[in-house]
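What follows is a set of notes on a single structure, which appears directly below.
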Amino acid sequence: MMSGRTLVSRLAPLLACLGLLGIWQVAALFLDTDSFPTALDAIRAIPSILGDKESLINILASLRRMAIGFGVGVGVSIPLGLMMGRSRAVASFFNPLLMITYPVPKAALMPIIMLWLGVGDVAKTLVIFLGVSLPVVFHSFQGAKAVEEKMLWSGAAMGLSAAQRMIRIVLPSALPEILIGCRTGLVLALITMITSEMIARQSGAGNILFNALDMGQYDTVFAMIIIVGAMGIGLDAAFEQFRKRLVRWSEPRFDLPLSFS
Amino acid sequence: MNPRALTSDILLGMIPIVLLVALWQALISFGYAPATLLPPPGQVFMRLVHQLANTEYQQDIAATLFRLFAGFAIAVILGVSIGLAAAASPAVNAVVRPIVRVLAPLPKVALYPALLLLLGFGHESKITLVVADALFPILLSTYYGASMVEQKLIWSAMAAGTPRRQILFKVVLPAAMPSVLTGCRIGLVISCIVVFLAEMITSTDGLGHVLVTAARTFQAVDMFVPLITISLLGLILNGLLQWLRSYLLRGFPEV
């Protein structure tokens, strides 16, 4: 009985995917215009994209840039956020700057950065780095701020140095919050990747997508949307597994629906 | 917090911004960057003031703001109502949860070509994109906020004779308000970003369009102006939301 229910909840996202594709198929058949192919047509176009060597290289180049930008962004932002959370001077030093830069779309910096660094990998990776770092900094900041003071006092009383306290107390207790930030950062990295490639059309998944749109190859457009969407869902699911493994101890039990209805 | 500490905080916070502007000016003064690639800050700010008084630029700002507000408002209404429904009813939860898990991590910008083909190049496609991106943070934080509401509050309200229908709006929504507003704040920042990007991709007006036009004609000064404008708009809107938050959450222990 229980295993049947867990099976259903495992399969639910898959069912949702199928349901959405089904709605798409029906809507496309109903509208029946050239610019909106059916889901089946779009899925049929996927193998020809993934089989083509050039587009495969493009997609892999995108993923490489995203991985580098994400890695560097997380590597820089977590220490910065943790320090901001523990020291008021550091927090008030960086906060206004971050507040100003938060609402600026990072991909919109692309045209300016392109002027300086060219259209190559460096410019795009830099933009992804900028897009990833802000949410990670904010969440690490929040997480480090909420650390229980008593634990830090006991750590200090037992002779941990400031750096040791940071790594052994602040980092683990802020970890759930940091990982939420990383998850947002991952989605943002994907968005920034696509947009930066759309602006500097030289290589990448965004390049294929928007070139197909301009040339009116609607099957390819929708097939690329499925591919990029699958990338997003796949990366998110993988990250979620990783996150669960790291912070299983802190999982809240809020999955119970409220009992008044 | 005493006022003296507050002023010193503000002064400390000004340092990196001042340093950044100084570095910017220094790069030009010492000849590291030609003015065509990096215009001096003074020139950019003069241009910004000049543009803000220009009616054409004001119309671009108005177009961007209209799309931003329309998208954000729809996202708030949808997000809060779906989030509450999912927290309150197991049946809705069973349907909404898998769909959200699939749609939330999807990069919505990739959907934009599809929206363009379906909805055309006008306001509709851009507003839909803003809704699609701002919806999920608001929905998720409403859902978490509403499912964390203390059961005791609901029991006491029921014991005091509140009808079951009203509990959702009289107990659950107010108690979930801090979380809802946090979601709205993230949604607002995302709306700012997305509306600008959508306008950069295809548009005939709006701030994103101003940037793209400037980039095509290599007018470096005009490329900085819309970026500073969207940053200012984000700051102002965030301030308004902060004010709304402190008004709505009066009486909460810690805001």
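Numbering starts fresh at 1 for the residues of each chain in the structure tokens, the chains themselves are lettered A, B, ... in the order given, and ligands are numbered from 1 as they appear.
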May I ask you to extract the residues of chain B within 8 Å of chain A, using only C-alpha atoms, and to give them as a PyMOL selection string?
chain B and resi 9-10+12-17+37+87-90+98-99+101-103+105-111+113-114+117-118+144+147-148+151+154+164+189-190+192-194+196-197+200-201+208+212+215+220+223+227-228+230-232+234-235
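Every protein, DNA or RNA residue with an atom at most 8 Å from segment 23-25 of chain A, where only C-alpha atoms count and chain neighbours fewer than 2 positions away do not, is listed here: Gly19, Leu20, Leu21, Ala27, Ala28, Leu29, Thr38, Ala39 and Leu40 of chain A.
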Selection file, C-alpha atoms, as a PDB file, in the first residue's frame:
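Below you can see again22.pdb, which holds the result:
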ATOM      1  CA  GLY A  19       0.031  16.016 -19.167  1.00  0.00           C
ATOM      2  CA  LEU A  20       1.626  19.316 -20.227  1.00  0.00           C
ATOM      3  CA  LEU A  21       2.802  17.774 -23.505  1.00  0.00           C
ATOM      4  CA  ALA A  27      -3.845  23.105 -28.301  1.00  0.00           C
ATOM      5  CA  ALA A  28      -1.654  22.847 -31.402  1.00  0.00           C
ATOM      6  CA  LEU A  29      -4.151  20.617 -33.197  1.00  0.00           C
ATOM      7  CA  THR A  38       2.349  19.933 -32.331  1.00  0.00           C
ATOM      8  CA  ALA A  39       4.268  18.403 -29.469  1.00  0.00           C
ATOM      9  CA  LEU A  40       4.888  15.258 -31.517  1.00  0.00           C
TER      10      LEU A  40
END
Please provide the set of residues having any atom within 7 Å of segment 82-86 of chain A, restricted to only C-alpha atoms, with same-chain residues fewer than 5 positions apart removed, written as a list in words.
Ala91, Ser140, Phe141, Gln142, Ala144 and Lys145 of chain A
Take the residues that were just selected and, keeping N, CA and C atoms, output them as a tab-separated table (two decimals), in the first residue's frame.
chain	number	residue	atom	x	y	z
A	91	ALA	N	28.96	43.58	6.32
A	91	ALA	CA	27.61	43.63	5.76
A	91	ALA	C	27.27	45.03	5.29
A	140	SER	N	23.47	33.09	1.62
A	140	SER	CA	24.53	32.78	2.59
A	140	SER	C	24.52	33.81	3.71
A	141	PHE	N	24.28	35.07	3.34
A	141	PHE	CA	24.19	36.16	4.31
A	141	PHE	C	23.08	35.87	5.32
A	142	GLN	N	21.88	35.56	4.80
A	142	GLN	CA	20.76	35.27	5.69
A	142	GLN	C	21.06	34.08	6.59
A	144	ALA	N	23.99	32.83	7.54
A	144	ALA	CA	25.03	33.07	8.53
A	144	ALA	C	24.51	33.99	9.63
A	145	LYS	N	23.58	34.88	9.27
A	145	LYS	CA	23.05	35.81	10.27
A	145	LYS	C	22.21	35.06	11.31
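The spacing separating atom CA of Ala86 of chain B from atom CA of Cys184 of chain B amounts to 17.7 Å.
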Residue neighbourhood Ile68 of chain A, 8 Å, only C-alpha atoms, exclusion window fewer than 4 positions, as a list of chain:residue names
A:Arg64, A:Val72, A:Thr125
Any chance you could export the current selection's N, CA and C atoms as a JSON list (two decimals), in the first residue's frame?
[["chain", "number", "residue", "atom", "x", "y", "z"],
["A", 64, "ARG", "N", 29.48, 24.09, -20.68],
["A", 64, "ARG", "CA", 30.79, 24.32, -20.09],
["A", 64, "ARG", "C", 30.86, 25.72, -19.49],
["A", 72, "VAL", "N", 32.60, 29.23, -10.21],
["A", 72, "VAL", "CA", 33.34, 30.39, -9.69],
["A", 72, "VAL", "C", 32.40, 31.27, -8.86],
["A", 125, "THR", "N", 30.91, 33.90, -19.80],
["A", 125, "THR", "CA", 31.11, 33.29, -18.50],
["A", 125, "THR", "C", 31.02, 34.34, -17.39]]
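Minimum atom-to-atom distance to Gln217 of chain A, evaluated using only C-alpha atoms, belongs to A:Ala45 out of A:Ala45, A:Ile178, A:Ile169, A:Leu7.
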Contacts of Ser154 of chain A within 12 Å, only C-alpha atoms, excl. fewer than 6 positions in-chain, as a tab-separated table (two decimals) with N, CA and C atoms, in the first residue's frame:
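Wrote it out as result-v5.tsv, contents follow:
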chain	number	residue	atom	x	y	z
A	148	GLU	N	22.90	30.37	15.61
A	148	GLU	CA	22.69	30.54	17.05
A	148	GLU	C	23.98	31.05	17.71
A	160	LEU	N	38.17	27.34	19.69
A	160	LEU	CA	38.23	27.40	18.23
A	160	LEU	C	38.60	28.82	17.81
A	161	SER	N	39.46	28.92	16.82
A	161	SER	CA	39.80	30.26	16.32
A	161	SER	C	38.65	30.76	15.45
A	165	ARG	N	35.80	28.56	13.64
A	165	ARG	CA	34.37	28.72	13.93
A	165	ARG	C	33.58	28.90	12.65
A	169	ILE	N	31.28	25.80	12.42
A	169	ILE	CA	29.97	26.11	13.00
A	169	ILE	C	29.09	26.88	12.01
Can you pull out every residue from segment 19-89 of chain B that DSSP, working from the backbone, puts in alpha helix (DSSP H), and format the result as a ChimeraX atom specification?
/B:19-29,41-52,55-88
Would you mind reading off the distance between atom CA of Arg248 of chain A and atom CA of Cys182 of chain A, one decimal, in Å?
16.4 Å
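Note that atom CA of Pro176 of chain A and atom CA of Met158 of chain A are 25.2 Å apart.
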Leaving out Val119 of chain A and any residue of its chain fewer than 3 positions from it, which residues lie within 8 Å of it when counting only C-alpha atoms, given as a list in words?
Met114, Val122, Ala123, Lys124, Ala200 and Gln202 of chain A
Spatial neighbours of Ser203 of chain A, 8 Å, only C-alpha atoms, chain gap at least 2 places, as JSON, numbers by chain
{"A": [58, 61, 62, 197, 201, 205, 206, 207, 208]}
